[in-house]
Amino acid sequence: GGIGNTTLTQHIYKEVEDHFEVKIWVCVSLNFNVYRLTEEIEKLIPKLDNEEKGNPNKLIEQRLKHKKFLLVLDDMWNCGNEDEWKRLLVPFTKGQKKGSIILVTTRFPALAEMVKTSDYAIPLEGLGHDMFWRLFLVYVFGDEQSGKDHGDLLETGENIVKKLKGSPLAAKTVGRLLRNRLDLDHWTRVLESKEWELQSGEHDIMPALKLSYDYLPFHLQQCFTYCALFPE
């Protein structure tokens with residue numbers, strides 16, 4: 001999470017959308033329910049003037065017939081089993097033009113292996129050090145060059161960056177936290193926080209997110225606590 005799956009897919013979507021007659025974007029998240037997803041997708045496809053009434057599957061088939069489509073299923077967390085996945089695909093395999101594409105994003109490699117139809121399961125890694133450092137400087141100072149005016153902070157910043165695992169989300173979160181106070185004491189407290197001791201793996205960015213919560217004003221922490229009462 002936070003590595004940039006959705007952001008990259010949004011960029012791809014904008015780059016290629018002119019090549020498709022129908023574009024559909026659905027956020028799947030935790031609830032992989034074939035009926036819910038089919039219903040949601042059907043509502044996002046433009047209706048035909050003289051379409052026959054039917055269930056969502058039949059309507060999708062009618063509306064996509066002889067058309068090239070792009071369907072994005074974003075942030076899939078689970079899929080029950082392969083049969084469920086095949087059930088979802090049924091209306092998308094009947095009479096559409098060649099070149100139609102279904103693009104899935106997920107943070108779970110096993111799920112990617114299950115749904116892929118070719119060798120195009122693409123694992124995203126964290127950003128390389130040089131690119132990540134430049135991104136971090138932009139989030140902290142507004143641009144890369146302004147960091148040169150705060151040379152006393154850069155060494156501490158480098159040490160903080162090592163803990164962020166190349167994650168753009170972590171750079172954004174911690175970078176803006178550091179931006180609030182451009183002084184060495186504040187940055188050193190962030191670097192030496194006990195939250196970092198809770199990192200459980202090479203891709204774990206939860207301590208970085210927790211730090212941003214810890215430094216929120218108390219009334220905003222209360223807002224988070226209140227929102228946590230509601231179902232996700």
# chains A, B, ... in the order shown; residues from 1 in each chain; ligands from 1
>>> residues_around(residues="Gly2 of chain A", least_positions_apart="3", cutoff="12 Å", atoms="only C-alpha atoms", output="PyMOL selection string")
chain A and resi 5-8+75+106-107+124-127+164-173+203-206+208-209
>>> write_last_selection(atoms="N, CA and C atoms", output="short mmCIF file (atom, residue, chain, number, x, y, z; two decimals), in the first residue's frame")
data_model
loop_
_atom_site.label_atom_id
_atom_site.label_comp_id
_atom_site.auth_asym_id
_atom_site.auth_seq_id
_atom_site.Cartn_x
_atom_site.Cartn_y
_atom_site.Cartn_z
N ASN A 5 0.40 2.06 -6.93
CA ASN A 5 -0.38 1.27 -7.89
C ASN A 5 -1.47 2.10 -8.56
N THR A 6 -2.30 2.74 -7.75
CA THR A 6 -3.43 3.49 -8.30
C THR A 6 -2.96 4.72 -9.07
N THR A 7 -1.97 5.40 -8.54
CA THR A 7 -1.46 6.61 -9.21
C THR A 7 -0.91 6.28 -10.59
N LEU A 8 -0.12 5.20 -10.68
CA LEU A 8 0.42 4.78 -11.97
C LEU A 8 -0.70 4.39 -12.92
N ASP A 75 -7.42 -1.82 -6.74
CA ASP A 75 -7.24 -2.15 -5.32
C ASP A 75 -8.04 -3.38 -4.90
N THR A 106 -3.51 -4.60 -7.36
CA THR A 106 -3.63 -5.28 -6.07
C THR A 106 -2.29 -5.21 -5.36
N ARG A 107 -2.33 -5.30 -4.04
CA ARG A 107 -1.08 -5.35 -3.27
C ARG A 107 -0.70 -6.79 -2.92
N LEU A 124 5.41 -3.56 -8.55
CA LEU A 124 5.99 -2.24 -8.36
C LEU A 124 6.90 -2.26 -7.13
N GLU A 125 8.06 -1.69 -7.27
CA GLU A 125 9.01 -1.58 -6.16
C GLU A 125 9.04 -0.13 -5.68
N GLY A 126 9.68 0.09 -4.53
CA GLY A 126 9.88 1.46 -4.06
C GLY A 126 10.79 2.23 -5.02
N LEU A 127 10.72 3.54 -4.95
CA LEU A 127 11.57 4.37 -5.81
C LEU A 127 13.04 4.19 -5.46
N LEU A 164 12.02 5.15 5.11
CA LEU A 164 10.75 5.30 4.40
C LEU A 164 10.55 4.29 3.28
N LYS A 165 11.53 3.41 3.09
CA LYS A 165 11.39 2.25 2.21
C LYS A 165 11.04 2.58 0.76
N GLY A 166 11.42 3.78 0.31
CA GLY A 166 11.15 4.14 -1.09
C GLY A 166 9.69 4.38 -1.39
N SER A 167 8.85 4.49 -0.36
CA SER A 167 7.40 4.63 -0.56
C SER A 167 7.01 6.09 -0.79
N PRO A 168 6.39 6.40 -1.94
CA PRO A 168 5.95 7.79 -2.18
C PRO A 168 4.98 8.29 -1.11
N LEU A 169 4.10 7.42 -0.63
CA LEU A 169 3.15 7.84 0.40
C LEU A 169 3.86 8.21 1.69
N ALA A 170 4.88 7.43 2.06
CA ALA A 170 5.65 7.74 3.27
C ALA A 170 6.41 9.04 3.10
N ALA A 171 6.97 9.27 1.91
CA ALA A 171 7.68 10.53 1.64
C ALA A 171 6.74 11.72 1.79
N LYS A 172 5.54 11.58 1.26
CA LYS A 172 4.56 12.66 1.32
C LYS A 172 4.16 12.93 2.77
N THR A 173 3.88 11.85 3.51
CA THR A 173 3.38 11.99 4.88
C THR A 173 4.44 12.57 5.81
N HIS A 203 8.95 -3.55 3.66
CA HIS A 203 8.00 -2.68 2.97
C HIS A 203 7.04 -2.01 3.95
N ASP A 204 7.28 -2.14 5.24
CA ASP A 204 6.35 -1.63 6.24
C ASP A 204 6.51 -0.11 6.40
N ILE A 205 5.43 0.63 6.07
CA ILE A 205 5.48 2.09 6.21
C ILE A 205 4.52 2.57 7.30
N MET A 206 3.91 1.64 8.04
CA MET A 206 2.94 2.05 9.06
C MET A 206 3.54 3.00 10.11
N ALA A 208 5.66 5.33 9.68
CA ALA A 208 5.67 6.67 9.08
C ALA A 208 4.28 7.29 9.14
N LEU A 209 3.26 6.49 8.87
CA LEU A 209 1.89 7.01 8.91
C LEU A 209 1.48 7.31 10.35
#
>>> residues_around(residues="Glu195 of chain A", least_positions_apart="6", cutoff="8 Å", atoms="only C-alpha atoms", output="MDAnalysis selection string")
chainID A and resid 207:208 210:211
>>> select_by_dssp(residues="segment 74-160 of chain A", states="helix (DSSP H, G or I)", output="number ranges by chain")
A: 82-92, 109-115, 129-141, 145-160
>>> residues_around(residues="Lys47 of chain A", least_positions_apart="3", cutoff="10 Å", atoms="only C-alpha atoms", output="PyMOL selection string")
chain A and resi 42-44+50-51+59-60+62-64
>>> residues_around(residues="segment 143-150 of chain A", least_positions_apart="3", cutoff="10 Å", atoms="only C-alpha atoms", output="ChimeraX atom specification")
/A:133-140,153-154,182-184
>>> write_last_selection(atoms="all heavy atoms", output="tab-separated table (two decimals), in the first residue's frame")
chain	number	residue	atom	x	y	z
A	133	TRP	N	14.94	10.68	-2.97
A	133	TRP	CA	15.48	11.84	-2.25
A	133	TRP	C	14.95	13.13	-2.86
A	133	TRP	O	14.57	14.06	-2.15
A	133	TRP	CB	17.01	11.80	-2.28
A	133	TRP	CG	17.69	12.99	-1.68
A	133	TRP	CD1	18.48	13.89	-2.31
A	133	TRP	CD2	17.66	13.40	-0.30
A	133	TRP	NE1	18.95	14.84	-1.44
A	133	TRP	CE2	18.46	14.57	-0.19
A	133	TRP	CE3	17.04	12.90	0.85
A	133	TRP	CZ2	18.65	15.24	1.01
A	133	TRP	CZ3	17.23	13.58	2.05
A	133	TRP	CH2	18.03	14.73	2.13
A	134	ARG	N	14.90	13.20	-4.18
A	134	ARG	CA	14.38	14.39	-4.85
A	134	ARG	C	12.90	14.61	-4.52
A	134	ARG	O	12.46	15.73	-4.27
A	134	ARG	CB	14.58	14.25	-6.37
A	134	ARG	CG	16.05	14.36	-6.81
A	134	ARG	CD	16.24	13.90	-8.24
A	134	ARG	NE	15.42	14.69	-9.17
A	134	ARG	CZ	15.22	14.35	-10.43
A	134	ARG	NH1	15.77	13.23	-10.92
A	134	ARG	NH2	14.49	15.10	-11.22
A	135	LEU	N	12.14	13.51	-4.51
A	135	LEU	CA	10.72	13.61	-4.16
A	135	LEU	C	10.55	14.09	-2.72
A	135	LEU	O	9.72	14.96	-2.43
A	135	LEU	CB	10.04	12.24	-4.34
A	135	LEU	CG	8.56	12.18	-4.02
A	135	LEU	CD1	7.74	13.00	-5.02
A	135	LEU	CD2	8.07	10.72	-4.03
A	136	PHE	N	11.35	13.53	-1.83
A	136	PHE	CA	11.30	13.91	-0.42
A	136	PHE	C	11.57	15.41	-0.25
A	136	PHE	O	10.86	16.11	0.48
A	136	PHE	CB	12.34	13.08	0.34
A	136	PHE	CG	12.48	13.42	1.80
A	136	PHE	CD1	11.55	12.97	2.73
A	136	PHE	CD2	13.57	14.17	2.25
A	136	PHE	CE1	11.69	13.28	4.07
A	136	PHE	CE2	13.71	14.48	3.59
A	136	PHE	CZ	12.77	14.02	4.51
A	137	LEU	N	12.59	15.93	-0.94
A	137	LEU	CA	12.92	17.36	-0.86
A	137	LEU	C	11.76	18.23	-1.32
A	137	LEU	O	11.48	19.28	-0.75
A	137	LEU	CB	14.17	17.66	-1.69
A	137	LEU	CG	15.49	17.08	-1.18
A	137	LEU	CD1	16.62	17.42	-2.15
A	137	LEU	CD2	15.82	17.59	0.22
A	138	VAL	N	11.06	17.78	-2.37
A	138	VAL	CA	9.92	18.55	-2.87
A	138	VAL	C	8.81	18.61	-1.82
A	138	VAL	O	8.21	19.66	-1.59
A	138	VAL	CB	9.39	17.94	-4.19
A	138	VAL	CG1	8.05	18.57	-4.58
A	138	VAL	CG2	10.41	18.14	-5.31
A	139	TYR	N	8.55	17.48	-1.16
A	139	TYR	CA	7.49	17.47	-0.14
A	139	TYR	C	7.87	18.31	1.08
A	139	TYR	O	7.02	18.92	1.71
A	139	TYR	CB	7.17	16.04	0.29
A	139	TYR	CG	6.27	15.31	-0.67
A	139	TYR	CD1	6.62	14.05	-1.17
A	139	TYR	CD2	5.07	15.87	-1.09
A	139	TYR	CE1	5.78	13.38	-2.06
A	139	TYR	CE2	4.23	15.22	-1.98
A	139	TYR	CZ	4.59	13.98	-2.45
A	139	TYR	OH	3.76	13.33	-3.33
A	140	VAL	N	9.17	18.34	1.40
A	140	VAL	CA	9.59	19.09	2.58
A	140	VAL	C	9.72	20.59	2.27
A	140	VAL	O	9.20	21.43	3.02
A	140	VAL	CB	10.94	18.56	3.11
A	140	VAL	CG1	11.41	19.42	4.29
A	140	VAL	CG2	10.81	17.11	3.55
A	153	LEU	N	19.95	20.47	8.05
A	153	LEU	CA	18.89	19.47	8.19
A	153	LEU	C	19.08	18.27	7.26
A	153	LEU	O	18.49	17.21	7.50
A	153	LEU	CB	17.53	20.11	7.88
A	153	LEU	CG	17.10	21.30	8.75
A	153	LEU	CD1	15.78	21.86	8.24
A	153	LEU	CD2	16.96	20.88	10.21
A	154	LEU	N	19.90	18.44	6.24
A	154	LEU	CA	19.94	17.44	5.18
A	154	LEU	C	20.49	16.09	5.65
A	154	LEU	O	20.00	15.03	5.23
A	154	LEU	CB	20.73	17.96	3.98
A	154	LEU	CG	20.08	19.16	3.27
A	154	LEU	CD1	20.89	19.53	2.03
A	154	LEU	CD2	18.64	18.88	2.90
A	182	LEU	N	11.01	23.56	10.36
A	182	LEU	CA	12.32	23.35	9.74
A	182	LEU	C	13.42	23.66	10.75
A	182	LEU	O	14.23	24.57	10.57
A	182	LEU	CB	12.46	24.23	8.49
A	182	LEU	CG	11.45	23.96	7.37
A	182	LEU	CD1	11.64	24.93	6.22
A	182	LEU	CD2	11.59	22.52	6.88
A	183	ASP	N	13.44	22.87	11.83
A	183	ASP	CA	14.54	23.02	12.79
A	183	ASP	C	15.03	21.65	13.21
A	183	ASP	O	14.30	20.65	13.18
A	183	ASP	CB	14.11	23.84	14.02
A	183	ASP	CG	13.08	23.13	14.89
A	183	ASP	OD1	13.45	22.17	15.57
A	183	ASP	OD2	11.91	23.55	14.88
A	184	LEU	N	16.31	21.60	13.59
A	184	LEU	CA	16.99	20.33	13.81
A	184	LEU	C	16.39	19.54	14.97
A	184	LEU	O	16.32	18.31	14.91
A	184	LEU	CB	18.49	20.59	14.06
A	184	LEU	CG	19.40	19.35	14.05
A	184	LEU	CD1	19.26	18.58	12.74
A	184	LEU	CD2	20.86	19.77	14.26
>>> residues_around(residues="Val22 of chain A", least_positions_apart="4", cutoff="7 Å", atoms="only C-alpha atoms", output="MDAnalysis selection string")
chainID A and resid 68:70
>>> closest_residue(among="A:Asn55, A:Asn33, A:Thr188, A:Thr156", to="Trp85 of chain A", atoms="only C-alpha atoms")
A:Asn33
>>> atom_distance(atom1="atom CA of Ile24 of chain A", atom2="atom CA of Val72 of chain A")
6.2 Å
>>> closest_residue(among="A:His219, A:Asn31, A:Pro56, A:Thr117", to="Gly80 of chain A", atoms="only C-alpha atoms")
A:Asn31
>>> select_by_dssp(residues="segment 63-167 of chain A", states="strand (DSSP E)", output="MDAnalysis selection string")
chainID A and resid 69:76 101:106
>>> closest_residue(among="A:Lys58, A:Thr93, A:Met114, A:Pro109", to="Asn81 of chain A", atoms="only C-alpha atoms")
A:Met114
>>> closest_residue(among="A:Gly175, A:His186, A:Cys223, A:Lys163", to="Gly201 of chain A", atoms="only C-alpha atoms")
A:Lys163
>>> closest_residue(among="A:Glu84, A:Glu15, A:Asp185, A:Glu52", to="Asp152 of chain A", atoms="only C-alpha atoms")
A:Asp185
>>> closest_residue(among="A:Asn57, A:Gln199, A:Asn78, A:Asn180", to="Lys94 of chain A", atoms="only C-alpha atoms")
A:Asn57
>>> decode(residues="segment 45-98 of chain A", atoms="C-alpha atoms", output="CSV table (one decimal), in the first residue's frame")
chain,number,residue,atom,x,y,z
A,45,ILE,CA,-21.4,1.9,-19.2
A,46,PRO,CA,-23.5,4.3,-21.4
A,47,LYS,CA,-26.9,3.0,-22.2
A,48,LEU,CA,-28.0,2.2,-25.8
A,49,ASP,CA,-31.0,3.9,-27.4
A,50,ASN,CA,-32.9,0.7,-28.0
A,51,GLU,CA,-31.5,-1.8,-25.6
A,52,GLU,CA,-33.4,-4.8,-24.4
A,53,LYS,CA,-34.2,-5.0,-20.7
A,54,GLY,CA,-32.3,-7.7,-18.7
A,55,ASN,CA,-30.0,-8.4,-15.8
A,56,PRO,CA,-26.7,-6.5,-15.4
A,57,ASN,CA,-24.8,-9.2,-17.3
A,58,LYS,CA,-27.1,-9.0,-20.3
A,59,LEU,CA,-26.9,-5.2,-20.3
A,60,ILE,CA,-23.1,-5.2,-20.2
A,61,GLU,CA,-23.0,-7.7,-23.1
A,62,GLN,CA,-25.4,-5.5,-25.2
A,63,ARG,CA,-23.6,-2.2,-24.5
A,64,LEU,CA,-20.1,-3.6,-25.2
A,65,LYS,CA,-20.9,-5.6,-28.3
A,66,HIS,CA,-18.6,-4.7,-31.2
A,67,LYS,CA,-16.8,-2.1,-28.9
A,68,LYS,CA,-13.3,-1.9,-27.5
A,69,PHE,CA,-13.3,-1.3,-23.8
A,70,LEU,CA,-10.9,-0.6,-20.9
A,71,LEU,CA,-12.0,-1.8,-17.5
A,72,VAL,CA,-9.9,-1.0,-14.4
A,73,LEU,CA,-10.5,-3.0,-11.2
A,74,ASP,CA,-8.6,-1.0,-8.7
A,75,ASP,CA,-7.2,-2.2,-5.3
A,76,MET,CA,-8.5,-5.7,-5.2
A,77,TRP,CA,-7.9,-7.3,-1.8
A,78,ASN,CA,-9.5,-10.7,-2.3
A,79,CYS,CA,-11.4,-12.7,-4.9
A,80,GLY,CA,-12.9,-15.7,-3.1
A,81,ASN,CA,-11.6,-18.2,-5.7
A,82,GLU,CA,-10.9,-18.5,-9.4
A,83,ASP,CA,-14.5,-19.5,-10.2
A,84,GLU,CA,-15.7,-16.2,-8.8
A,85,TRP,CA,-13.2,-14.3,-11.0
A,86,LYS,CA,-14.4,-16.3,-14.1
A,87,ARG,CA,-18.0,-15.4,-13.2
A,88,LEU,CA,-17.2,-11.8,-13.2
A,89,LEU,CA,-15.5,-12.0,-16.6
A,90,VAL,CA,-18.5,-13.7,-18.3
A,91,PRO,CA,-20.2,-10.6,-19.8
A,92,PHE,CA,-16.8,-9.3,-21.0
A,93,THR,CA,-16.0,-12.2,-23.2
A,94,LYS,CA,-18.9,-12.1,-25.7
A,95,GLY,CA,-18.6,-10.1,-28.9
A,96,GLN,CA,-16.3,-7.2,-27.9
A,97,LYS,CA,-13.6,-6.0,-30.3
A,98,LYS,CA,-10.1,-7.4,-30.0
